[in-house]
Amino acid sequence: MTNIERHAYDVVVIGAGGAGLRAAIEARLAGMKTAVISKSLFGKAHTVMAEGGAAAAMGNRNARDNWMVHFRDTMRGGKFLNNFRMAELHAKEAPDRIWELETYGALFDRTPDGKISQRNFGGHEYPRLAHVGDRTGLELIRTLQQKIVSLQQEDYAETGDYDSRLRVFAETTITEIFVQDGRVAGCFGYYRESGDFVHFDAPSIVLATGGVGKSYKVTSNSWEYTGDGHALALRTGATLINMEFLQFHPTGMVWPPSVKGILVTESVRGDGGVLKNTSGKRFMFDYVPDVFRKQYAETEEEADRWYDDPDNNRRPPELLPRDEVARAINSEVKEGRGTEAGGVLLDIASRLPAEQVRKRLPSMYHQFKELADVDITKQPMEVGPTCHYVMGGVEVDADTAEAAVPGLFAAGEVSGGMHGSNRLGGNSLSDLLVFGKRAGEFAAKFAQANPRIRVKAGDIEAAVETALAPLTRGDAGENPYTLHADLQAVMGDLVGIIRRQGELEESLTKLAELKERVKKVGVGGGRRYNPGWHLALDLRNMVIVSECTAKAALEREESRGGHTREDHPGMSSKWRQVNLVCSYDGEDVHLTHKPVPTMRRELLELFEVSELSKYMTDEELAELAEGGA
Ligand code: FAD
């Protein structure tokens with residue numbers, strides 16, 4: 001019998017990025033015995049890599065900003081497919097979550113009159129991103145960790161044990177969630193270093209595992225982003241929505257090849273950087289779509305004036321939502337106006353004095369100097385699209401963050417709906433604070449109302465068997481690294497930034513083959529720190545989540561946000577009414593259509609009818625005119 005360490009908690013949070021930490025704090029504040037688990041080192045999560053800032057309509061730089069403008073921008077960015085209630089809660093609650101961080105010890109950059117500074121970002125009408133230079137995520141994680149430590153110190157003072165109410169399990173990967181009597185009962189995983197198994201009995205589990213980018217080769221995401229939370233949710237019987245929407249950030253590094261995909265923050269453009277092709281043309285003026293034409297400058301002069309006088313000029317088109325900019329760069333390169341390495345040029349050197357560039361963008365300055373030997377105060381950066389963020393995710397209730405399985409909650413990038421078909425930059429850090437708090441609060445309530453169930457021994461034994469299977473097969477099995485490279489090739493080549501029916505069909509055939517090969521994956525060596533074994537277990541998740549993306553991408557016959565179909569180039573108002581919901585039967589992924597909830601009338605009235613008519617069907621518009629919805 002395998003030795004398994006066993007723990008009992010009220011709330012287990014899987015993931016220690018911003019969403020997970022914020023959820024854990026809330027659950028502990030509600031008096032729940034809480035565990036927070038992270039696959040990576042404590043403090044190493046995508047949240048720490050966030051550069052530009054957290055979007056919150058505090059109105060510090062422009063008093064006209066408020067939650068309604070933020071809500072409008074978010075819905076426009078997501079092309080009206082967002083879960084409107086999530087977008088509403090997010091816009092209303094983000095300022096409080098930012099101010100609350102300062103009570104935990106965060107120190108954001110300031111305006112000259114001492115308020116939290118806010119910077120411009122794509123798709124946001126006013127300067128809205130609270131930031132700390134270009135290292136905002138670092139401050140966010142540092143502060144949340146500090147809050148956790150202070151809570152642990154309070155617990156120590158009372159109980160003599162720092163971990164008595166809030167314990168961190170770092171470098172621990174969860175591979176299974178158990179459902180018993182129709183609700184969550186616990187989860188199971190392994191310590192990465194020793195390979196020893198660990199089990200948690202808990203009535204409430206919060207998924208906060210981040211995204212899926214590692215299914216693509218060119219990505220800004222690091223090794224942990226293998227869609228574990230998405231796959232765990234599917235396997236427990238919960239559902240994912242709109243997995244076809246992946247954000248390809250327009251500006252990743254393209255040179256040298258070893259760093260291809262690493263993010264170049266949007267703050268470069270927010271602070272005045274412009275995109276040029278190899279002929280020196282500022283090409284974004286050629287790519288402003290009709291739906292955005294009224295809000296964006298038509299000439300370079302107007303665009304440049306906007307930085308100093310935003311009330312009387314329109315925004316530069318470099319600050320269009322990310323999907324638009326990524327497609328524009330893709331087209332320039334395809335038309336032969338890109339660099340040899342397949343990128344375009346991002347110029348901040350000719351736009352800001354060198355000392356300002358170093359002050360406002362210190363990480364970018366060092367990143368290019370150290371990784372590409374480029375001095376961005378003197379030379380342009382070479383950039384191109386990189387897989388960055390998944391808008392799709394676990395289908396949750398907007399108010400409680402609860403998934404379809406009672407006791408299962410999800411927050412942060414792993415959850416779906418909030419960002420519709422495309423996320424605005426800065427909206428993820430605020431999303432994870434708003435919904436991390438909500439998930440922690442409602443997970444705590446659920447745990448208070450539902451006693452712990454002891455997971456059946458047979459279920460745990462089955463989890464052990466699944467985890468050990470790659471080691472049992474040993475070197476004779478399929479090599480996990482080869483499988484990973486093959487998966488990345490399928491997703492990058494056939495389910496990438498521009499999609500076509502034939503290629504998507506081909507991707508599904510290839511994914512079916514890969515799924516069979518993943519069942520035969522094998523690794524040599526033992527359980528003690530064995531990265532090949534870890535990857536073998538992650539592949540099981542990546543392959544089903546990729547299947548969701550490919551199936552949904554084939555099904556959605558329109559182009560919207562982070563889903564571009566060359567064979568269906570326009571947005572369709574019929575498809576705007578549809579959420580694609582993914583479920584899993586243990587073998588295959590299934591898709592169903594579910595109507596997008598109709599926005600409440602007072603929210604609809606925040607938009608002009610002429611704008612709504614670009615997104616809605618004639619029936620919806622007629623109903624609106626009659627006073628319905
Ligand atoms: P993460 O912060 O990624 O945390 C996920 C956690 O889950 C980690 O602790 C991981 O170890 C753990 N985990 C995963 N699987 C398992 C498992 N099986 N078992 C146990 N633990 C597991 N957004 C903005 O709003 N503004 C920005 O300026 C910005 N800049 C960005 C820059 C970069 C380079 C990147 C990559 C992203 C950026 N984003 C930004 C996006 C944003 O950082 C992420 O979407 C957000 O941080 C996700 O937070 P999260 O808490 O959901 O997940």
# chains A, B, ... in the order shown; residues from 1 in each chain; ligands from 1
>>> closest_atom_pairs(of="chain A", to="ligand 1", cutoff="6 Å", atoms="only C-alpha atoms and all ligand atoms", output="tab-separated table")
residue	atom	partner	partner_atom_place_in_ligand_line	distance
A:Ile14	CA	ligand 1	21 (N)	5.1
A:Gly15	CA	ligand 1	7 (O)	3.2
A:Ala16	CA	ligand 1	9 (O)	3.7
A:Gly17	CA	ligand 1	2 (O)	3.3
A:Gly18	CA	ligand 1	51 (O)	4.0
A:Ala19	CA	ligand 1	51 (O)	3.8
A:Gly20	CA	ligand 1	51 (O)	5.5
A:Ile37	CA	ligand 1	20 (C)	5.3
A:Ser38	CA	ligand 1	21 (N)	3.6
A:Lys39	CA	ligand 1	11 (O)	3.7
A:Ser40	CA	ligand 1	11 (O)	4.0
A:Ala45	CA	ligand 1	2 (O)	4.2
A:His46	CA	ligand 1	3 (O)	3.7
A:Thr47	CA	ligand 1	47 (O)	3.1
A:Met49	CA	ligand 1	34 (C)	4.8
A:Ala50	CA	ligand 1	30 (N)	3.2
A:Glu51	CA	ligand 1	28 (O)	4.0
A:Gly52	CA	ligand 1	28 (O)	3.3
A:Gly53	CA	ligand 1	28 (O)	4.3
A:Ala54	CA	ligand 1	25 (O)	5.1
A:Thr172	CA	ligand 1	20 (C)	5.7
A:Thr173	CA	ligand 1	19 (N)	3.6
A:Ile174	CA	ligand 1	19 (N)	3.9
A:Thr175	CA	ligand 1	18 (N)	5.8
A:Ala208	CA	ligand 1	52 (O)	5.3
A:Thr209	CA	ligand 1	7 (O)	3.3
A:Gly210	CA	ligand 1	53 (O)	3.6
A:Ser220	CA	ligand 1	36 (C)	5.0
A:Asn221	CA	ligand 1	36 (C)	4.8
A:Glu224	CA	ligand 1	14 (C)	5.5
A:Asp228	CA	ligand 1	18 (N)	4.9
A:Leu263	CA	ligand 1	34 (C)	5.0
A:Gly412	CA	ligand 1	52 (O)	3.5
A:Glu413	CA	ligand 1	52 (O)	3.9
A:Val414	CA	ligand 1	52 (O)	5.9
A:Gly425	CA	ligand 1	25 (O)	5.4
A:Gly426	CA	ligand 1	25 (O)	3.2
A:Asn427	CA	ligand 1	25 (O)	4.5
A:Ser428	CA	ligand 1	25 (O)	3.5
A:Leu429	CA	ligand 1	25 (O)	3.8
A:Leu432	CA	ligand 1	51 (O)	5.9
>>> residues_around(residues="stretch 89-104 of chain A", least_positions_apart="4", cutoff="10 Å", atoms="only C-alpha atoms", output="PDB file with N, CA, C and O atoms, in the first residue's frame")
ATOM      1  N   ARG A  22      -5.783  35.633  -2.863  1.00  0.00           N
ATOM      2  CA  ARG A  22      -6.894  36.483  -2.403  1.00  0.00           C
ATOM      3  C   ARG A  22      -8.047  35.624  -1.875  1.00  0.00           C
ATOM      4  O   ARG A  22      -8.691  35.963  -0.876  1.00  0.00           O
ATOM      5  N   ALA A  54      -3.091  46.989 -12.879  1.00  0.00           N
ATOM      6  CA  ALA A  54      -4.420  46.464 -12.578  1.00  0.00           C
ATOM      7  C   ALA A  54      -5.441  47.547 -12.890  1.00  0.00           C
ATOM      8  O   ALA A  54      -5.332  48.672 -12.393  1.00  0.00           O
ATOM      9  N   ALA A  55      -6.457  47.194 -13.709  1.00  0.00           N
ATOM     10  CA  ALA A  55      -7.426  48.202 -14.150  1.00  0.00           C
ATOM     11  C   ALA A  55      -8.513  48.408 -13.099  1.00  0.00           C
ATOM     12  O   ALA A  55      -9.145  47.450 -12.650  1.00  0.00           O
ATOM     13  N   ALA A  56      -8.713  49.665 -12.701  1.00  0.00           N
ATOM     14  CA  ALA A  56      -9.769  49.978 -11.735  1.00  0.00           C
ATOM     15  C   ALA A  56     -10.149  51.438 -11.955  1.00  0.00           C
ATOM     16  O   ALA A  56      -9.278  52.310 -11.985  1.00  0.00           O
ATOM     17  N   ALA A  57     -11.458  51.691 -12.078  1.00  0.00           N
ATOM     18  CA  ALA A  57     -11.913  53.047 -12.408  1.00  0.00           C
ATOM     19  C   ALA A  57     -11.917  53.928 -11.155  1.00  0.00           C
ATOM     20  O   ALA A  57     -12.966  54.220 -10.594  1.00  0.00           O
ATOM     21  N   MET A  58     -10.731  54.324 -10.732  1.00  0.00           N
ATOM     22  CA  MET A  58     -10.625  55.170  -9.538  1.00  0.00           C
ATOM     23  C   MET A  58     -10.719  56.655  -9.899  1.00  0.00           C
ATOM     24  O   MET A  58     -10.898  57.498  -9.033  1.00  0.00           O
ATOM     25  N   GLY A  59     -10.528  56.944 -11.186  1.00  0.00           N
ATOM     26  CA  GLY A  59     -10.659  58.335 -11.636  1.00  0.00           C
ATOM     27  C   GLY A  59      -9.538  59.237 -11.148  1.00  0.00           C
ATOM     28  O   GLY A  59      -9.709  60.455 -11.088  1.00  0.00           O
ATOM     29  N   ASN A  66     -15.362  56.183 -14.317  1.00  0.00           N
ATOM     30  CA  ASN A  66     -16.168  55.565 -13.255  1.00  0.00           C
ATOM     31  C   ASN A  66     -16.497  54.133 -13.687  1.00  0.00           C
ATOM     32  O   ASN A  66     -16.106  53.710 -14.780  1.00  0.00           O
ATOM     33  N   TRP A  67     -17.194  53.384 -12.830  1.00  0.00           N
ATOM     34  CA  TRP A  67     -17.403  51.960 -13.134  1.00  0.00           C
ATOM     35  C   TRP A  67     -18.181  51.761 -14.431  1.00  0.00           C
ATOM     36  O   TRP A  67     -17.976  50.773 -15.144  1.00  0.00           O
ATOM     37  N   MET A  68     -19.050  52.713 -14.766  1.00  0.00           N
ATOM     38  CA  MET A  68     -19.869  52.522 -15.979  1.00  0.00           C
ATOM     39  C   MET A  68     -18.993  52.600 -17.241  1.00  0.00           C
ATOM     40  O   MET A  68     -19.187  51.845 -18.190  1.00  0.00           O
ATOM     41  N   VAL A  69     -18.010  53.507 -17.215  1.00  0.00           N
ATOM     42  CA  VAL A  69     -17.116  53.616 -18.381  1.00  0.00           C
ATOM     43  C   VAL A  69     -16.251  52.356 -18.469  1.00  0.00           C
ATOM     44  O   VAL A  69     -16.029  51.794 -19.551  1.00  0.00           O
ATOM     45  N   HIS A  70     -15.792  51.873 -17.306  1.00  0.00           N
ATOM     46  CA  HIS A  70     -14.977  50.653 -17.293  1.00  0.00           C
ATOM     47  C   HIS A  70     -15.801  49.452 -17.788  1.00  0.00           C
ATOM     48  O   HIS A  70     -15.327  48.630 -18.580  1.00  0.00           O
ATOM     49  N   PHE A  71     -17.041  49.376 -17.337  1.00  0.00           N
ATOM     50  CA  PHE A  71     -17.931  48.302 -17.776  1.00  0.00           C
ATOM     51  C   PHE A  71     -18.101  48.348 -19.298  1.00  0.00           C
ATOM     52  O   PHE A  71     -17.974  47.333 -19.990  1.00  0.00           O
ATOM     53  N   ARG A  72     -18.340  49.556 -19.817  1.00  0.00           N
ATOM     54  CA  ARG A  72     -18.524  49.712 -21.271  1.00  0.00           C
ATOM     55  C   ARG A  72     -17.274  49.254 -22.015  1.00  0.00           C
ATOM     56  O   ARG A  72     -17.349  48.510 -22.995  1.00  0.00           O
ATOM     57  N   ASP A  73     -16.118  49.704 -21.560  1.00  0.00           N
ATOM     58  CA  ASP A  73     -14.870  49.338 -22.237  1.00  0.00           C
ATOM     59  C   ASP A  73     -14.667  47.820 -22.235  1.00  0.00           C
ATOM     60  O   ASP A  73     -14.223  47.234 -23.224  1.00  0.00           O
ATOM     61  N   THR A  74     -14.980  47.202 -21.078  1.00  0.00           N
ATOM     62  CA  THR A  74     -14.775  45.747 -20.953  1.00  0.00           C
ATOM     63  C   THR A  74     -15.693  44.983 -21.900  1.00  0.00           C
ATOM     64  O   THR A  74     -15.276  44.018 -22.553  1.00  0.00           O
ATOM     65  N   PHE A  84     -22.224  39.589 -18.594  1.00  0.00           N
ATOM     66  CA  PHE A  84     -22.352  41.015 -18.238  1.00  0.00           C
ATOM     67  C   PHE A  84     -22.320  41.218 -16.728  1.00  0.00           C
ATOM     68  O   PHE A  84     -21.833  42.223 -16.228  1.00  0.00           O
ATOM     69  N   ARG A  85     -22.842  40.238 -15.982  1.00  0.00           N
ATOM     70  CA  ARG A  85     -22.881  40.402 -14.512  1.00  0.00           C
ATOM     71  C   ARG A  85     -21.448  40.383 -13.946  1.00  0.00           C
ATOM     72  O   ARG A  85     -21.129  41.146 -13.039  1.00  0.00           O
ATOM     73  N   PHE A 108       1.567  51.619  -4.571  1.00  0.00           N
ATOM     74  CA  PHE A 108       1.517  51.882  -6.014  1.00  0.00           C
ATOM     75  C   PHE A 108       2.233  53.189  -6.317  1.00  0.00           C
ATOM     76  O   PHE A 108       2.408  54.034  -5.429  1.00  0.00           O
ATOM     77  N   ILE A 116      -3.058  57.246  -6.130  1.00  0.00           N
ATOM     78  CA  ILE A 116      -2.507  56.103  -6.872  1.00  0.00           C
ATOM     79  C   ILE A 116      -2.471  56.468  -8.351  1.00  0.00           C
ATOM     80  O   ILE A 116      -3.487  56.872  -8.926  1.00  0.00           O
ATOM     81  N   ALA A 130      -3.663  50.966 -12.276  1.00  0.00           N
ATOM     82  CA  ALA A 130      -2.820  51.212 -11.104  1.00  0.00           C
ATOM     83  C   ALA A 130      -1.562  50.371 -11.293  1.00  0.00           C
ATOM     84  O   ALA A 130      -1.645  49.204 -11.694  1.00  0.00           O
ATOM     85  N   GLU A 139       4.493  43.423  -6.929  1.00  0.00           N
ATOM     86  CA  GLU A 139       3.998  44.118  -5.738  1.00  0.00           C
ATOM     87  C   GLU A 139       2.694  43.468  -5.249  1.00  0.00           C
ATOM     88  O   GLU A 139       2.480  43.329  -4.041  1.00  0.00           O
ATOM     89  N   LEU A 140       1.883  43.059  -6.208  1.00  0.00           N
ATOM     90  CA  LEU A 140       0.610  42.438  -5.842  1.00  0.00           C
ATOM     91  C   LEU A 140       0.840  41.135  -5.062  1.00  0.00           C
ATOM     92  O   LEU A 140       0.281  40.909  -3.991  1.00  0.00           O
ATOM     93  N   ARG A 142       3.649  40.166  -3.610  1.00  0.00           N
ATOM     94  CA  ARG A 142       4.390  40.451  -2.369  1.00  0.00           C
ATOM     95  C   ARG A 142       3.404  40.847  -1.258  1.00  0.00           C
ATOM     96  O   ARG A 142       3.470  40.364  -0.142  1.00  0.00           O
ATOM     97  N   THR A 143       2.461  41.706  -1.618  1.00  0.00           N
ATOM     98  CA  THR A 143       1.522  42.203  -0.625  1.00  0.00           C
ATOM     99  C   THR A 143       0.587  41.111  -0.130  1.00  0.00           C
ATOM    100  O   THR A 143       0.308  41.008   1.064  1.00  0.00           O
ATOM    101  N   LEU A 144       0.081  40.300  -1.058  1.00  0.00           N
ATOM    102  CA  LEU A 144      -0.840  39.232  -0.647  1.00  0.00           C
ATOM    103  C   LEU A 144      -0.109  38.211   0.230  1.00  0.00           C
ATOM    104  O   LEU A 144      -0.652  37.701   1.209  1.00  0.00           O
ATOM    105  N   GLN A 145       1.150  37.941  -0.112  1.00  0.00           N
ATOM    106  CA  GLN A 145       1.925  37.008   0.718  1.00  0.00           C
ATOM    107  C   GLN A 145       2.151  37.601   2.108  1.00  0.00           C
ATOM    108  O   GLN A 145       2.082  36.905   3.115  1.00  0.00           O
ATOM    109  N   GLN A 146       2.420  38.908   2.119  1.00  0.00           N
ATOM    110  CA  GLN A 146       2.636  39.583   3.401  1.00  0.00           C
ATOM    111  C   GLN A 146       1.380  39.479   4.270  1.00  0.00           C
ATOM    112  O   GLN A 146       1.452  39.255   5.470  1.00  0.00           O
ATOM    113  N   LYS A 147       0.218  39.625   3.636  1.00  0.00           N
ATOM    114  CA  LYS A 147      -1.045  39.514   4.376  1.00  0.00           C
ATOM    115  C   LYS A 147      -1.198  38.092   4.937  1.00  0.00           C
ATOM    116  O   LYS A 147      -1.637  37.902   6.078  1.00  0.00           O
ATOM    117  N   ILE A 148      -0.811  37.109   4.119  1.00  0.00           N
ATOM    118  CA  ILE A 148      -0.907  35.720   4.590  1.00  0.00           C
ATOM    119  C   ILE A 148      -0.002  35.517   5.803  1.00  0.00           C
ATOM    120  O   ILE A 148      -0.402  34.939   6.819  1.00  0.00           O
ATOM    121  N   SER A 150       0.977  37.756   7.894  1.00  0.00           N
ATOM    122  CA  SER A 150       0.470  38.454   9.078  1.00  0.00           C
ATOM    123  C   SER A 150      -0.695  37.664   9.701  1.00  0.00           C
ATOM    124  O   SER A 150      -0.818  37.596  10.916  1.00  0.00           O
ATOM    125  N   ALA A 398     -21.776  34.113 -11.611  1.00  0.00           N
ATOM    126  CA  ALA A 398     -21.058  35.386 -11.555  1.00  0.00           C
ATOM    127  C   ALA A 398     -20.870  35.881 -10.126  1.00  0.00           C
ATOM    128  O   ALA A 398     -19.805  36.371  -9.760  1.00  0.00           O
ATOM    129  N   ASP A 399     -21.888  35.745  -9.295  1.00  0.00           N
ATOM    130  CA  ASP A 399     -21.811  36.317  -7.949  1.00  0.00           C
ATOM    131  C   ASP A 399     -20.997  35.468  -6.983  1.00  0.00           C
ATOM    132  O   ASP A 399     -20.288  36.000  -6.133  1.00  0.00           O
ATOM    133  N   MET A 418     -15.968  36.336 -17.878  1.00  0.00           N
ATOM    134  CA  MET A 418     -15.766  37.751 -17.546  1.00  0.00           C
ATOM    135  C   MET A 418     -15.282  38.570 -18.754  1.00  0.00           C
ATOM    136  O   MET A 418     -15.736  39.683 -18.993  1.00  0.00           O
ATOM    137  N   ASN A 427      -7.160  44.066 -17.013  1.00  0.00           N
ATOM    138  CA  ASN A 427      -8.397  43.538 -16.449  1.00  0.00           C
ATOM    139  C   ASN A 427      -8.212  42.173 -15.789  1.00  0.00           C
ATOM    140  O   ASN A 427      -9.134  41.679 -15.148  1.00  0.00           O
ATOM    141  N   LEU A 429      -5.579  41.385 -13.560  1.00  0.00           N
ATOM    142  CA  LEU A 429      -5.192  41.579 -12.157  1.00  0.00           C
ATOM    143  C   LEU A 429      -6.393  42.035 -11.332  1.00  0.00           C
ATOM    144  O   LEU A 429      -6.571  41.610 -10.188  1.00  0.00           O
ATOM    145  N   SER A 430      -7.238  42.895 -11.905  1.00  0.00           N
ATOM    146  CA  SER A 430      -8.408  43.332 -11.144  1.00  0.00           C
ATOM    147  C   SER A 430      -9.433  42.196 -11.054  1.00  0.00           C
ATOM    148  O   SER A 430     -10.055  41.987 -10.007  1.00  0.00           O
ATOM    149  N   ASP A 431      -9.571  41.416 -12.120  1.00  0.00           N
ATOM    150  CA  ASP A 431     -10.475  40.247 -12.117  1.00  0.00           C
ATOM    151  C   ASP A 431     -10.092  39.289 -10.989  1.00  0.00           C
ATOM    152  O   ASP A 431     -10.926  38.856 -10.195  1.00  0.00           O
ATOM    153  N   LEU A 432      -8.780  38.983 -10.883  1.00  0.00           N
ATOM    154  CA  LEU A 432      -8.413  37.969  -9.894  1.00  0.00           C
ATOM    155  C   LEU A 432      -8.603  38.478  -8.464  1.00  0.00           C
ATOM    156  O   LEU A 432      -8.866  37.696  -7.546  1.00  0.00           O
ATOM    157  N   LEU A 433      -8.504  39.794  -8.270  1.00  0.00           N
ATOM    158  CA  LEU A 433      -8.750  40.332  -6.922  1.00  0.00           C
ATOM    159  C   LEU A 433     -10.246  40.297  -6.603  1.00  0.00           C
ATOM    160  O   LEU A 433     -10.666  39.835  -5.540  1.00  0.00           O
ATOM    161  N   VAL A 434     -11.049  40.758  -7.566  1.00  0.00           N
ATOM    162  CA  VAL A 434     -12.504  40.813  -7.335  1.00  0.00           C
ATOM    163  C   VAL A 434     -13.075  39.402  -7.142  1.00  0.00           C
ATOM    164  O   VAL A 434     -13.758  39.114  -6.157  1.00  0.00           O
ATOM    165  N   PHE A 435     -12.765  38.511  -8.080  1.00  0.00           N
ATOM    166  CA  PHE A 435     -13.392  37.190  -8.020  1.00  0.00           C
ATOM    167  C   PHE A 435     -12.624  36.227  -7.115  1.00  0.00           C
ATOM    168  O   PHE A 435     -13.201  35.248  -6.629  1.00  0.00           O
ATOM    169  N   LYS A 437     -11.577  37.182  -4.182  1.00  0.00           N
ATOM    170  CA  LYS A 437     -12.258  37.477  -2.902  1.00  0.00           C
ATOM    171  C   LYS A 437     -13.618  36.786  -2.853  1.00  0.00           C
ATOM    172  O   LYS A 437     -13.967  36.133  -1.875  1.00  0.00           O
TER     173      LYS A 437
END
>>> atom_distance(atom1="atom CA of A:Leu408", atom2="atom CA of A:Val495")
29.6 Å
>>> atom_distance(atom1="atom CA of A:Ala403", atom2="atom CA of A:Ala238")
6.2 Å
>>> closest_residue(among="A:Leu346, A:Ala476, A:Val274, A:Val288", to="A:Gly525", atoms="only C-alpha atoms")
A:Ala476
>>> residues_around(residues="A:Val521", least_positions_apart="4", cutoff="8 Å", atoms="only C-alpha atoms", output="list in words")
Pro470, Arg473, Gly477, Glu478, Asn479, Pro480, Arg517 and Ala536 of chain A
>>> select_by_dssp(residues="stretch 90-287 of chain A", states="alpha helix (DSSP H)", output="ChimeraX atom specification")
/A:90-104,136-159,228-236,267-270
>>> decode(residues="stretch 202-245 of chain A", atoms="C-alpha atoms", output="JSON list (two decimals), in the first residue's frame")
[["chain", "number", "residue", "atom", "x", "y", "z"],
["A", 202, "ALA", "CA", -12.29, 19.29, 2.04],
["A", 203, "PRO", "CA", -15.91, 20.26, 1.28],
["A", 204, "SER", "CA", -14.87, 23.38, -0.70],
["A", 205, "ILE", "CA", -12.21, 23.66, -3.36],
["A", 206, "VAL", "CA", -11.25, 26.83, -5.20],
["A", 207, "LEU", "CA", -9.54, 26.41, -8.55],
["A", 208, "ALA", "CA", -7.07, 29.25, -9.17],
["A", 209, "THR", "CA", -4.63, 27.49, -11.46],
["A", 210, "GLY", "CA", -4.27, 30.10, -14.23],
["A", 211, "GLY", "CA", -4.22, 29.39, -17.97],
["A", 212, "VAL", "CA", -3.32, 26.99, -20.77],
["A", 213, "GLY", "CA", -0.53, 28.66, -22.78],
["A", 214, "LYS", "CA", 1.92, 25.78, -22.64],
["A", 215, "SER", "CA", -0.07, 23.96, -25.31],
["A", 216, "TYR", "CA", 1.53, 26.51, -27.68],
["A", 217, "LYS", "CA", 5.24, 26.85, -28.46],
["A", 218, "VAL", "CA", 5.29, 30.63, -28.85],
["A", 219, "THR", "CA", 3.81, 31.84, -25.58],
["A", 220, "SER", "CA", 4.37, 34.35, -22.82],
["A", 221, "ASN", "CA", 3.34, 31.68, -20.31],
["A", 222, "SER", "CA", 5.74, 29.60, -18.22],
["A", 223, "TRP", "CA", 5.82, 25.88, -17.49],
["A", 224, "GLU", "CA", 2.95, 25.76, -14.97],
["A", 225, "TYR", "CA", 0.30, 26.88, -17.46],
["A", 226, "THR", "CA", -0.86, 23.47, -18.58],
["A", 227, "GLY", "CA", -4.61, 23.88, -18.09],
["A", 228, "ASP", "CA", -4.69, 21.70, -14.96],
["A", 229, "GLY", "CA", -7.60, 23.54, -13.37],
["A", 230, "HIS", "CA", -9.60, 23.44, -16.59],
["A", 231, "ALA", "CA", -9.05, 19.70, -16.90],
["A", 232, "LEU", "CA", -9.70, 19.02, -13.20],
["A", 233, "ALA", "CA", -13.01, 20.88, -13.52],
["A", 234, "LEU", "CA", -13.99, 18.86, -16.60],
["A", 235, "ARG", "CA", -13.13, 15.57, -14.91],
["A", 236, "THR", "CA", -15.27, 16.39, -11.86],
["A", 237, "GLY", "CA", -18.27, 17.03, -14.13],
["A", 238, "ALA", "CA", -18.08, 20.82, -14.28],
["A", 239, "THR", "CA", -18.13, 22.68, -17.61],
["A", 240, "LEU", "CA", -15.92, 25.11, -19.52],
["A", 241, "ILE", "CA", -17.22, 27.92, -21.68],
["A", 242, "ASN", "CA", -15.92, 29.57, -24.83],
["A", 243, "MET", "CA", -12.55, 27.83, -24.97],
["A", 244, "GLU", "CA", -12.07, 29.00, -28.57],
["A", 245, "PHE", "CA", -11.15, 32.46, -27.31]]
